[in-house]
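Enquirer: So here's coords_29.cif (mmCIF, C-alpha atoms).
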data_work
loop_
_atom_site.label_atom_id
_atom_site.label_comp_id
_atom_site.auth_asym_id
_atom_site.auth_seq_id
_atom_site.Cartn_x
_atom_site.Cartn_y
_atom_site.Cartn_z
CA MET A 1 131.73 161.61 112.44
CA ARG A 2 134.86 160.98 114.51
CA ARG A 3 136.62 157.70 114.14
CA THR A 4 136.27 157.03 117.86
CA THR A 5 132.48 157.51 117.68
CA LEU A 6 132.22 155.25 114.62
CA ALA A 7 134.29 152.58 116.33
CA ALA A 8 132.11 152.79 119.42
CA LEU A 9 128.92 152.41 117.41
CA LEU A 10 130.40 149.49 115.50
CA GLY A 11 131.42 147.82 118.74
CA LEU A 12 127.95 148.33 120.19
CA THR A 13 126.36 146.82 117.06
CA ILE A 14 128.60 143.77 117.28
CA ALA A 15 127.85 143.39 120.97
CA LEU A 16 124.10 143.58 120.37
CA GLY A 17 124.41 141.07 117.53
CA LEU A 18 126.33 138.66 119.73
CA ALA A 19 123.80 139.09 122.51
CA GLY A 20 120.93 138.39 120.10
CA ALA A 21 122.67 135.32 118.75
CA TRP A 22 123.25 134.11 122.31
CA LEU A 23 119.59 134.60 123.14
CA VAL A 24 118.51 132.64 120.04
CA ALA A 25 120.97 129.87 120.82
CA GLU A 26 119.79 129.80 124.43
CA ARG A 27 116.15 129.59 123.28
CA VAL A 28 116.98 126.68 120.97
CA ARG A 29 118.88 125.02 123.81
CA GLU A 30 115.95 125.42 126.17
CA THR A 31 113.49 124.12 123.56
CA SER A 32 115.74 121.15 122.88
CA ALA A 33 116.02 120.49 126.60
CA ASP A 34 112.24 120.62 126.87
CA LEU A 35 111.51 118.13 124.06
CA SER A 36 114.61 116.20 123.02
CA GLY A 37 114.24 112.57 124.04
CA ARG A 38 110.54 113.03 124.82
CA PRO A 39 107.36 112.27 122.84
CA LEU A 40 106.62 115.02 120.33
CA MET A 41 102.84 114.53 120.69
CA PRO A 42 102.36 112.88 124.08
CA GLU A 43 98.64 113.65 124.28
CA LEU A 44 97.91 111.53 121.19
CA LYS A 45 99.21 108.37 122.84
CA TYR A 46 96.46 108.55 125.45
CA ARG A 47 93.70 109.38 122.99
CA LEU A 48 94.20 106.69 120.35
CA ASN A 49 90.78 105.25 121.10
CA ASP A 50 89.24 108.66 120.34
CA VAL A 51 90.69 108.87 116.82
CA ALA A 52 87.92 108.94 114.21
CA SER A 53 89.71 109.97 111.01
CA VAL A 54 93.17 110.23 109.49
CA THR A 55 93.67 112.36 106.38
CA ILE A 56 96.77 111.76 104.29
CA GLU A 57 97.68 114.51 101.83
CA GLY A 58 100.51 114.55 99.34
CA ALA A 59 101.33 116.27 96.08
CA GLU A 60 99.12 113.69 94.31
CA GLY A 61 96.03 114.57 96.35
CA ALA A 62 94.35 113.66 99.62
CA PHE A 63 92.32 110.75 100.98
CA THR A 64 90.83 109.88 104.35
CA LEU A 65 90.72 106.80 106.57
CA LYS A 66 87.50 107.02 108.56
CA ARG A 67 86.17 105.05 111.49
CA GLY A 68 83.09 103.09 110.47
CA GLY A 69 82.62 101.02 113.62
CA THR A 70 84.48 99.80 116.69
CA ASP A 71 87.41 98.33 114.76
CA ARG A 72 86.11 98.91 111.24
CA TRP A 73 87.69 101.65 109.16
CA VAL A 74 86.78 102.60 105.60
CA MET A 75 87.96 104.93 102.84
CA PRO A 76 85.27 107.30 101.53
CA GLU A 77 87.27 107.96 98.36
CA ARG A 78 86.94 104.27 97.49
CA GLY A 79 83.22 103.87 98.17
CA ASN A 80 83.81 103.17 101.90
CA TYR A 81 85.85 100.07 101.14
CA PRO A 82 87.41 98.48 104.27
CA VAL A 83 90.82 99.75 105.36
CA ASP A 84 93.67 97.55 106.59
CA PHE A 85 93.13 98.20 110.29
CA GLY A 86 96.46 96.67 111.32
CA LYS A 87 98.42 99.08 109.10
CA LEU A 88 96.43 102.06 110.38
CA GLN A 89 96.89 100.97 113.98
CA ARG A 90 100.67 100.74 113.51
CA LEU A 91 100.73 104.29 112.13
CA LEU A 92 98.74 105.74 115.03
CA VAL A 93 100.85 103.95 117.64
CA ALA A 94 104.01 105.19 115.91
CA LEU A 95 102.71 108.77 116.01
CA GLY A 96 101.86 108.47 119.67
CA ASP A 97 105.31 107.02 120.48
CA MET A 98 107.22 109.47 118.24
CA VAL A 99 110.25 110.79 120.14
CA ALA A 100 111.88 114.13 119.38
CA ILE A 101 115.63 113.76 118.85
CA GLU A 102 116.72 117.31 118.10
CA PRO A 103 115.33 120.51 116.59
CA LYS A 104 116.10 121.27 112.94
CA THR A 105 115.64 124.27 110.70
CA ALA A 106 112.94 126.87 111.31
CA ARG A 107 113.67 128.67 108.05
CA PRO A 108 111.01 128.18 105.35
CA ASP A 109 113.63 128.56 102.62
CA ARG A 110 115.38 125.45 103.99
CA TYR A 111 112.32 123.25 104.55
CA HIS A 112 112.76 121.61 101.16
CA PHE A 113 116.06 120.05 102.25
CA LEU A 114 114.05 117.97 104.74
CA ASP A 115 110.83 117.69 102.62
CA VAL A 116 108.83 119.39 105.38
CA GLU A 117 107.50 122.36 103.39
CA ASP A 118 103.73 122.82 103.04
CA VAL A 119 102.26 120.19 100.73
CA ALA A 120 101.85 121.44 97.17
CA PRO A 121 102.41 120.11 93.64
CA GLY A 122 106.00 118.97 93.32
CA THR A 123 106.66 118.45 97.04
CA ARG A 124 107.52 115.07 98.53
CA GLY A 125 106.31 115.29 102.10
CA LEU A 126 103.05 113.90 103.45
CA ARG A 127 100.67 115.77 105.72
CA LEU A 128 98.96 113.62 108.35
CA THR A 129 95.92 115.08 110.09
CA VAL A 130 94.36 113.08 112.93
CA LYS A 131 90.95 114.07 114.31
CA ASP A 132 88.55 112.76 116.94
CA ARG A 133 84.79 112.19 116.69
CA SER A 134 84.14 115.89 117.35
CA ASN A 135 86.43 116.86 114.46
CA LEU A 136 88.99 118.18 116.95
CA VAL A 137 92.54 117.96 115.60
CA LEU A 138 94.68 115.60 117.68
CA ALA A 139 97.76 115.73 115.45
CA ASP A 140 98.71 117.64 112.33
CA LEU A 141 102.21 117.35 110.95
CA ILE A 142 104.18 117.03 107.76
CA VAL A 143 106.32 113.91 107.50
CA GLY A 144 109.42 114.59 105.44
CA ARG A 145 112.21 112.38 104.24
CA PRO A 146 113.75 109.66 106.41
CA ASP A 147 117.16 110.20 107.94
CA ASP A 148 119.83 107.82 106.70
CA VAL A 149 121.22 107.30 110.19
CA LEU A 150 119.61 104.98 112.73
CA GLY A 151 119.93 105.81 116.40
CA ALA A 152 121.04 103.44 119.14
CA SER A 153 117.46 102.17 119.47
CA LYS A 154 117.49 101.13 115.76
CA VAL A 155 114.14 102.89 115.28
CA PRO A 156 113.87 104.72 111.92
CA ARG A 157 114.34 108.47 112.02
CA PHE A 158 112.34 111.03 110.05
CA PHE A 159 112.22 114.78 109.68
CA VAL A 160 108.84 116.28 110.58
CA ARG A 161 107.28 119.66 111.12
CA PRO A 162 104.06 120.32 113.03
CA VAL A 163 101.68 122.25 110.78
CA GLY A 164 101.46 125.90 111.80
CA GLU A 165 104.85 125.87 113.53
CA ALA A 166 108.11 127.20 112.15
CA GLY A 167 110.44 124.65 113.74
CA SER A 168 111.09 121.20 112.35
CA TRP A 169 112.37 118.13 114.15
CA GLU A 170 114.31 114.96 113.70
CA VAL A 171 112.26 112.22 115.34
CA GLU A 172 112.41 108.51 116.01
CA ALA A 173 109.26 106.75 114.82
CA ASP A 174 108.49 103.80 112.60
CA LEU A 175 106.13 105.86 110.43
CA ARG A 176 106.57 104.92 106.75
CA PRO A 177 103.10 106.16 105.71
CA ALA A 178 101.97 104.89 102.30
CA ARG A 179 101.27 107.56 99.69
CA THR A 180 98.57 105.88 97.58
CA PRO A 181 94.99 105.12 98.66
CA ALA A 182 95.09 101.46 97.58
CA ASP A 183 98.04 100.78 99.89
CA TRP A 184 95.79 101.47 102.90
CA LEU A 185 92.98 99.14 101.85
CA ASP A 186 92.42 95.57 102.98
CA ARG A 187 93.63 94.15 99.65
CA GLU A 188 93.36 90.44 100.38
CA LEU A 189 90.48 88.90 98.41
CA LEU A 190 90.87 85.11 98.42
CA VAL A 191 92.99 82.64 100.35
CA LEU A 192 92.24 79.07 99.29
CA ALA A 193 94.18 75.83 99.55
CA PRO A 194 95.62 74.85 96.14
CA ASP A 195 94.62 71.21 96.62
CA ARG A 196 90.93 72.14 96.62
CA PHE A 197 90.80 73.11 92.95
CA ALA A 198 89.56 70.55 90.44
CA VAL A 199 88.58 72.45 87.26
CA VAL A 200 89.36 75.85 85.75
CA THR A 201 87.55 77.04 82.63
CA VAL A 202 88.51 80.18 80.71
CA THR A 203 86.20 81.61 78.07
CA LYS A 204 87.81 84.32 75.98
CA GLY A 205 85.77 85.45 73.00
CA ASP A 206 84.86 82.34 71.04
CA GLN A 207 87.67 80.25 72.57
CA THR A 208 87.47 78.09 75.67
CA ALA A 209 90.35 76.54 77.59
CA ARG A 210 89.68 73.99 80.33
CA ILE A 211 92.15 72.33 82.69
CA SER A 212 91.20 69.65 85.21
CA ARG A 213 92.36 66.85 87.45
CA THR A 214 90.66 63.91 89.15
CA ARG A 215 92.23 64.02 92.62
CA PRO A 216 93.65 66.75 94.88
CA ASP A 217 97.22 65.50 94.68
CA GLY A 218 97.12 65.05 90.92
CA SER A 219 98.44 67.27 88.13
CA PHE A 220 96.25 69.42 85.93
CA THR A 221 95.94 68.51 82.28
CA LEU A 222 94.57 70.46 79.34
CA ASP A 223 91.26 69.01 78.19
CA GLY A 224 91.13 68.08 74.51
CA LEU A 225 94.89 68.06 74.09
CA ASP A 226 96.00 66.02 71.07
CA THR A 227 99.17 64.54 72.48
CA ALA A 228 100.18 63.31 69.05
CA THR A 229 100.57 66.84 67.72
CA MET A 230 100.63 69.10 70.82
CA THR A 231 102.71 69.46 73.99
CA ALA A 232 101.20 70.99 77.14
CA LYS A 233 102.86 74.09 78.60
CA MET A 234 102.92 72.95 82.19
CA GLY A 235 104.19 76.31 83.48
CA ARG A 236 101.21 78.21 82.04
CA ILE A 237 98.79 75.49 83.16
CA GLY A 238 100.21 75.61 86.70
CA ALA A 239 99.93 79.41 86.83
CA LEU A 240 96.25 79.23 85.86
CA ALA A 241 95.57 76.44 88.36
CA VAL A 242 96.80 78.52 91.34
CA ALA A 243 95.71 81.98 90.12
CA ALA A 244 92.85 82.16 92.66
CA THR A 245 94.58 80.52 95.63
CA TYR A 246 95.85 83.88 96.90
CA LEU A 247 94.21 86.80 95.15
CA THR A 248 94.85 90.46 95.97
CA PHE A 249 93.95 93.66 94.14
CA GLU A 250 95.72 96.85 93.08
CA ASP A 251 92.71 99.16 93.30
CA VAL A 252 88.93 98.99 93.79
CA ARG A 253 85.77 100.87 93.00
CA LYS A 254 82.02 100.38 92.97
CA VAL A 255 80.70 98.67 89.85
CA LYS A 256 78.07 101.39 89.47
CA ASP A 257 80.59 104.24 89.71
CA GLY A 258 82.43 103.82 86.43
CA PRO A 259 82.44 102.46 82.88
CA ALA A 260 81.71 98.78 82.41
CA GLY A 261 84.87 98.26 80.37
CA GLN A 262 85.56 95.99 77.43
CA PRO A 263 84.90 92.28 78.07
CA LEU A 264 88.13 90.33 78.37
CA ALA A 265 87.31 86.85 79.69
CA THR A 266 85.24 84.88 82.17
CA VAL A 267 86.99 82.40 84.42
CA ARG A 268 85.26 79.67 86.42
CA PHE A 269 87.06 77.87 89.24
CA GLU A 270 85.53 74.67 90.67
CA THR A 271 86.75 72.90 93.80
CA PHE A 272 86.39 69.28 94.81
CA ASP A 273 84.14 70.31 97.73
CA GLY A 274 81.63 72.39 95.75
CA LEU A 275 82.92 75.97 95.85
CA VAL A 276 82.53 77.77 92.51
CA LEU A 277 84.17 81.12 91.76
CA ASN A 278 83.18 83.17 88.73
CA LEU A 279 85.46 86.00 87.66
CA GLY A 280 84.29 88.47 85.02
CA LEU A 281 87.35 90.25 83.65
CA VAL A 282 87.19 93.49 81.66
CA THR A 283 89.74 96.03 80.46
CA ILE A 284 89.50 99.71 81.41
CA ASP A 285 92.16 102.11 80.16
CA GLY A 286 94.40 99.18 79.29
CA GLN A 287 94.21 97.58 82.75
CA GLY A 288 92.47 94.40 83.89
CA TRP A 289 89.57 94.61 86.34
CA THR A 290 87.32 91.84 87.59
CA THR A 291 84.14 91.09 89.48
CA ILE A 292 84.04 88.06 91.79
CA GLU A 293 81.01 85.92 92.59
CA ALA A 294 80.88 82.69 94.58
CA ALA A 295 78.36 79.84 94.53
CA TYR A 296 77.92 76.33 95.89
CA GLU A 297 77.37 73.31 93.66
CA ALA A 298 77.24 69.92 95.33
CA PRO A 299 80.03 67.59 94.10
CA THR A 300 78.88 64.73 91.91
CA ALA A 301 81.10 62.25 93.73
CA PRO A 302 83.00 62.39 97.02
CA VAL A 303 86.77 62.80 96.81
CA GLU A 304 89.24 61.81 99.50
CA ALA A 305 91.97 64.26 100.52
CA GLY A 306 94.50 64.20 103.32
CA PRO A 307 95.01 66.94 105.91
CA GLY A 308 96.67 70.25 105.05
CA PRO A 309 99.85 71.69 106.59
CA ASP A 310 97.85 72.84 109.62
CA GLY A 311 96.50 69.34 110.23
CA GLN A 312 92.98 70.32 109.23
CA PRO A 313 91.11 68.67 106.33
CA VAL A 314 91.85 70.31 102.98
CA LEU A 315 88.32 69.76 101.69
CA LYS A 316 85.35 71.23 103.58
CA ASP A 317 81.89 69.92 104.32
CA ALA A 318 78.87 71.39 102.56
CA GLU A 319 77.85 73.62 105.46
CA SER A 320 81.32 75.15 105.70
CA VAL A 321 81.49 75.77 101.95
CA ARG A 322 78.09 77.48 101.97
CA ALA A 323 79.28 79.73 104.79
CA GLU A 324 82.42 80.46 102.78
CA VAL A 325 80.33 81.39 99.76
CA GLY A 326 78.31 83.82 101.86
CA ALA A 327 81.45 85.46 103.26
CA ILE A 328 83.03 85.89 99.82
CA ASN A 329 79.90 87.40 98.29
CA ALA A 330 79.38 89.73 101.25
CA ARG A 331 82.86 91.09 100.62
CA THR A 332 82.95 91.24 96.81
CA LYS A 333 79.38 91.93 95.67
CA GLY A 334 79.08 95.23 93.84
CA TRP A 335 82.86 95.81 93.65
CA LEU A 336 85.20 95.92 90.69
CA TYR A 337 88.84 95.05 91.43
CA ARG A 338 91.92 96.00 89.45
CA LEU A 339 94.37 93.12 89.29
CA ASP A 340 98.10 93.00 88.79
CA GLY A 341 99.04 92.71 85.12
CA THR A 342 100.83 89.38 85.61
CA ARG A 343 97.78 87.91 87.34
CA VAL A 344 95.56 89.04 84.45
CA ILE A 345 97.84 87.19 82.03
CA ASP A 346 97.71 84.05 84.21
CA LEU A 347 93.91 84.16 84.30
CA THR A 348 93.19 84.73 80.61
CA PRO A 349 95.02 82.18 78.44
CA THR A 350 93.61 80.81 75.20
CA PRO A 351 94.00 77.11 74.36
CA GLY A 352 96.96 78.07 72.19
CA ASP A 353 98.66 79.67 75.19
CA LEU A 354 98.54 76.37 77.10
CA ALA A 355 100.05 74.08 74.47
CA ASP A 356 102.73 74.05 71.80
CA VAL A 357 102.64 72.32 68.45
CA LYS A 358 105.08 69.46 68.40
CA PRO A 359 107.81 70.02 65.84
CA ALA A 360 107.62 67.75 62.83
CA PRO A 361 110.08 64.88 63.04
CA ALA A 362 113.23 65.43 61.08
CA PRO A 363 113.23 63.49 57.79
CA VAL A 364 115.34 60.36 57.85
CA PRO A 365 117.97 60.66 55.14
CA GLU A 366 118.00 57.89 52.54
CA PRO A 367 121.08 55.68 52.69
CA VAL A 368 123.72 56.55 50.16
CA PRO A 369 124.64 53.48 48.05
CA VAL A 370 128.21 52.38 48.52
CA PRO A 371 129.89 51.44 45.25
CA GLU A 372 131.12 47.88 45.07
CA ALA A 373 134.87 47.53 45.26
CA ALA A 374 136.52 46.42 42.02
CA GLU A 375 138.09 42.96 42.08
CA PRO A 376 141.89 43.05 41.95
CA PRO A 377 143.38 41.85 38.67
CA ALA A 378 144.48 38.23 38.52
CA PRO A 379 148.22 37.75 38.87
CA ARG A 380 150.10 37.15 35.64
CA LEU A 381 152.05 33.91 35.27
CA PRO A 382 155.70 34.18 34.33
#
For the structure just supplied, provide its representation as structure tokens.

Expert:
Amino acid sequence: MRRTTLAALLGLTIALGLAGAWLVAERVRETSADLSGRPLMPELKYRLNDVASVTIEGAEGAFTLKRGGTDRWVMPERGNYPVDFGKLQRLLVALGDMVAIEPKTARPDRYHFLDVEDVAPGTRGLRLTVKDRSNLVLADLIVGRPDDVLGASKVPRFFVRPVGEAGSWEVEADLRPARTPADWLDRELLVLAPDRFAVVTVTKGDQTARISRTRPDGSFTLDGLDTATMTAKMGRIGALAVAATYLTFEDVRKVKDGPAGQPLATVRFETFDGLVLNLGLVTIDGQGWTTIEAAYEAPTAPVEAGPGPDGQPVLKDAESVRAEVGAINARTKGWLYRLDGTRVIDLTPTPGDLADVKPAPAPVPEPVPVPEAAEPPAPRLP
């Protein structure tokens, strides 16, 4: 082949390559012009009321948030336990408002740099699939890692890739989807004013510890404490006294769906206005779980208490307490809740955990006799 022919072919190849590169660049430019600065899934924003399920899938597995009523959402993987609707609502609004900033890689071998590869063991992205009541997919995308740079709007930026599409995007959206099922549940169990509590009794094996006080503004003391030989641990007593004022859980399941566990302790909280809470704690695989049951027991004597921070009475009337009992039992009956390890420790002290033995007084040393000084000799006369 002549050198001139070879040079011509080489030139033609380069020209075709440049033309192809220009066409690709032009296509990316047009795509960017079509979507950059605009919602990535504009149709979802107008169909939020039609959403019936959201499936979240990561390397650890998948779980679903499912509509169970008008504003009631549940998680089938947790026995249809109620979902935190506010958190779910924020996610859906963020998806509907998600704005495309600029296109990113469309090469599968580079997806892992943005964590937008297909979900599989070892990957870090999350796949979010949103469907309506007819099981029609409204949104399906993989949420990758967040970008370290905030835009002028100060809205967090993430890398995402619509499932089934090659191209990925940098988007602005306050997504931050939680990876674990428990993080999507309505985890708040009890919210009670600390001043309401009068007595707490812990039975652990053959040992019983009881703390009490006589008025709402008083301090708890350990019943049966021999002050001559023991000193109360006020920090541990205070932790037990407030352990049920704000109680949340780490995970939940139906009582009937698993092992009963090893008995750990029973804890009884009594308030000045008649509310009684019974917690039955067990250990399962080294973690503390509890059942919760409420009851009403009329107080033996009325107790006066001032208003709370909101100006409302701290103590409730009998009708209100009975209604409170019904609401607690409706929420907790049949459920077993896993508690934080620190809260389990606070709830399960023995009497020895709530008091210290006073140290024996140091022996008083016997006085050391001081030898009498010898009398000076009498002066000699000359």

Enquirer: Here is a test: counting all atoms listed in the file, which residue of A:Arg161, A:Arg210, A:Lys256, A:Arg72 is nearest to Pro103 in chain A?

Expert: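 For Pro103 in chain A, the nearest of the given residues is A:Arg161.
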
Enquirer: One decimal, Å: what's the distance from CA of Ile237 in chain A over to CA of Trp289 in chain A, could you say?

Expert: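 A separation of 21.5 Å between them.
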
Enquirer: Could you state which residues are captured by the PyMOL selection byres ((chain A and resi 230-234) around 9) in this file, as number ranges by chain?

Expert: A: 220-222, 225-229, 235-239, 353-359

Enquirer: Work out how far CA of Ala323 in chain A is from CA of Ala301 in chain A, in Å to one decimal.

Expert: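 Atom-to-atom, CA of Ala301 in chain A to CA of Ala323 in chain A, that is 20.8 Å.
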
Enquirer: Could you list the residues chosen by the PyMOL selection byres ((chain A and resi 261-270) around 9) in this structure as a PyMOL selection string?

Expert: chain A and resi 196-205+241+244+258-260+271-285+288-289+297+347-348

Enquirer: Identify all residues satisfying the PyMOL selection byres ((chain A and resi 80) around 12) in the given file; provide them as an MDAnalysis selection string.

Expert: chainID A and resid 63:69 72:79 81:83 181 185:186 252:254 335

Enquirer: So that I have them on file, write out the residues from the current selection with C-alpha atoms, as an mmCIF file, in the coordinates of the input.

Expert:
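Output contents, as saved in part-v3.cif:
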data_model
loop_
_atom_site.group_PDB
_atom_site.id
_atom_site.type_symbol
_atom_site.label_atom_id
_atom_site.label_comp_id
_atom_site.auth_asym_id
_atom_site.auth_seq_id
_atom_site.Cartn_x
_atom_site.Cartn_y
_atom_site.Cartn_z
ATOM 1 C CA PHE A 63 92.320 110.750 100.980
ATOM 2 C CA THR A 64 90.830 109.880 104.350
ATOM 3 C CA LEU A 65 90.720 106.800 106.570
ATOM 4 C CA LYS A 66 87.500 107.020 108.560
ATOM 5 C CA ARG A 67 86.170 105.050 111.490
ATOM 6 C CA GLY A 68 83.090 103.090 110.470
ATOM 7 C CA GLY A 69 82.620 101.020 113.620
ATOM 8 C CA ARG A 72 86.110 98.910 111.240
ATOM 9 C CA TRP A 73 87.690 101.650 109.160
ATOM 10 C CA VAL A 74 86.780 102.600 105.600
ATOM 11 C CA MET A 75 87.960 104.930 102.840
ATOM 12 C CA PRO A 76 85.270 107.300 101.530
ATOM 13 C CA GLU A 77 87.270 107.960 98.360
ATOM 14 C CA ARG A 78 86.940 104.270 97.490
ATOM 15 C CA GLY A 79 83.220 103.870 98.170
ATOM 16 C CA TYR A 81 85.850 100.070 101.140
ATOM 17 C CA PRO A 82 87.410 98.480 104.270
ATOM 18 C CA VAL A 83 90.820 99.750 105.360
ATOM 19 C CA PRO A 181 94.990 105.120 98.660
ATOM 20 C CA LEU A 185 92.980 99.140 101.850
ATOM 21 C CA ASP A 186 92.420 95.570 102.980
ATOM 22 C CA VAL A 252 88.930 98.990 93.790
ATOM 23 C CA ARG A 253 85.770 100.870 93.000
ATOM 24 C CA LYS A 254 82.020 100.380 92.970
ATOM 25 C CA TRP A 335 82.860 95.810 93.650
#
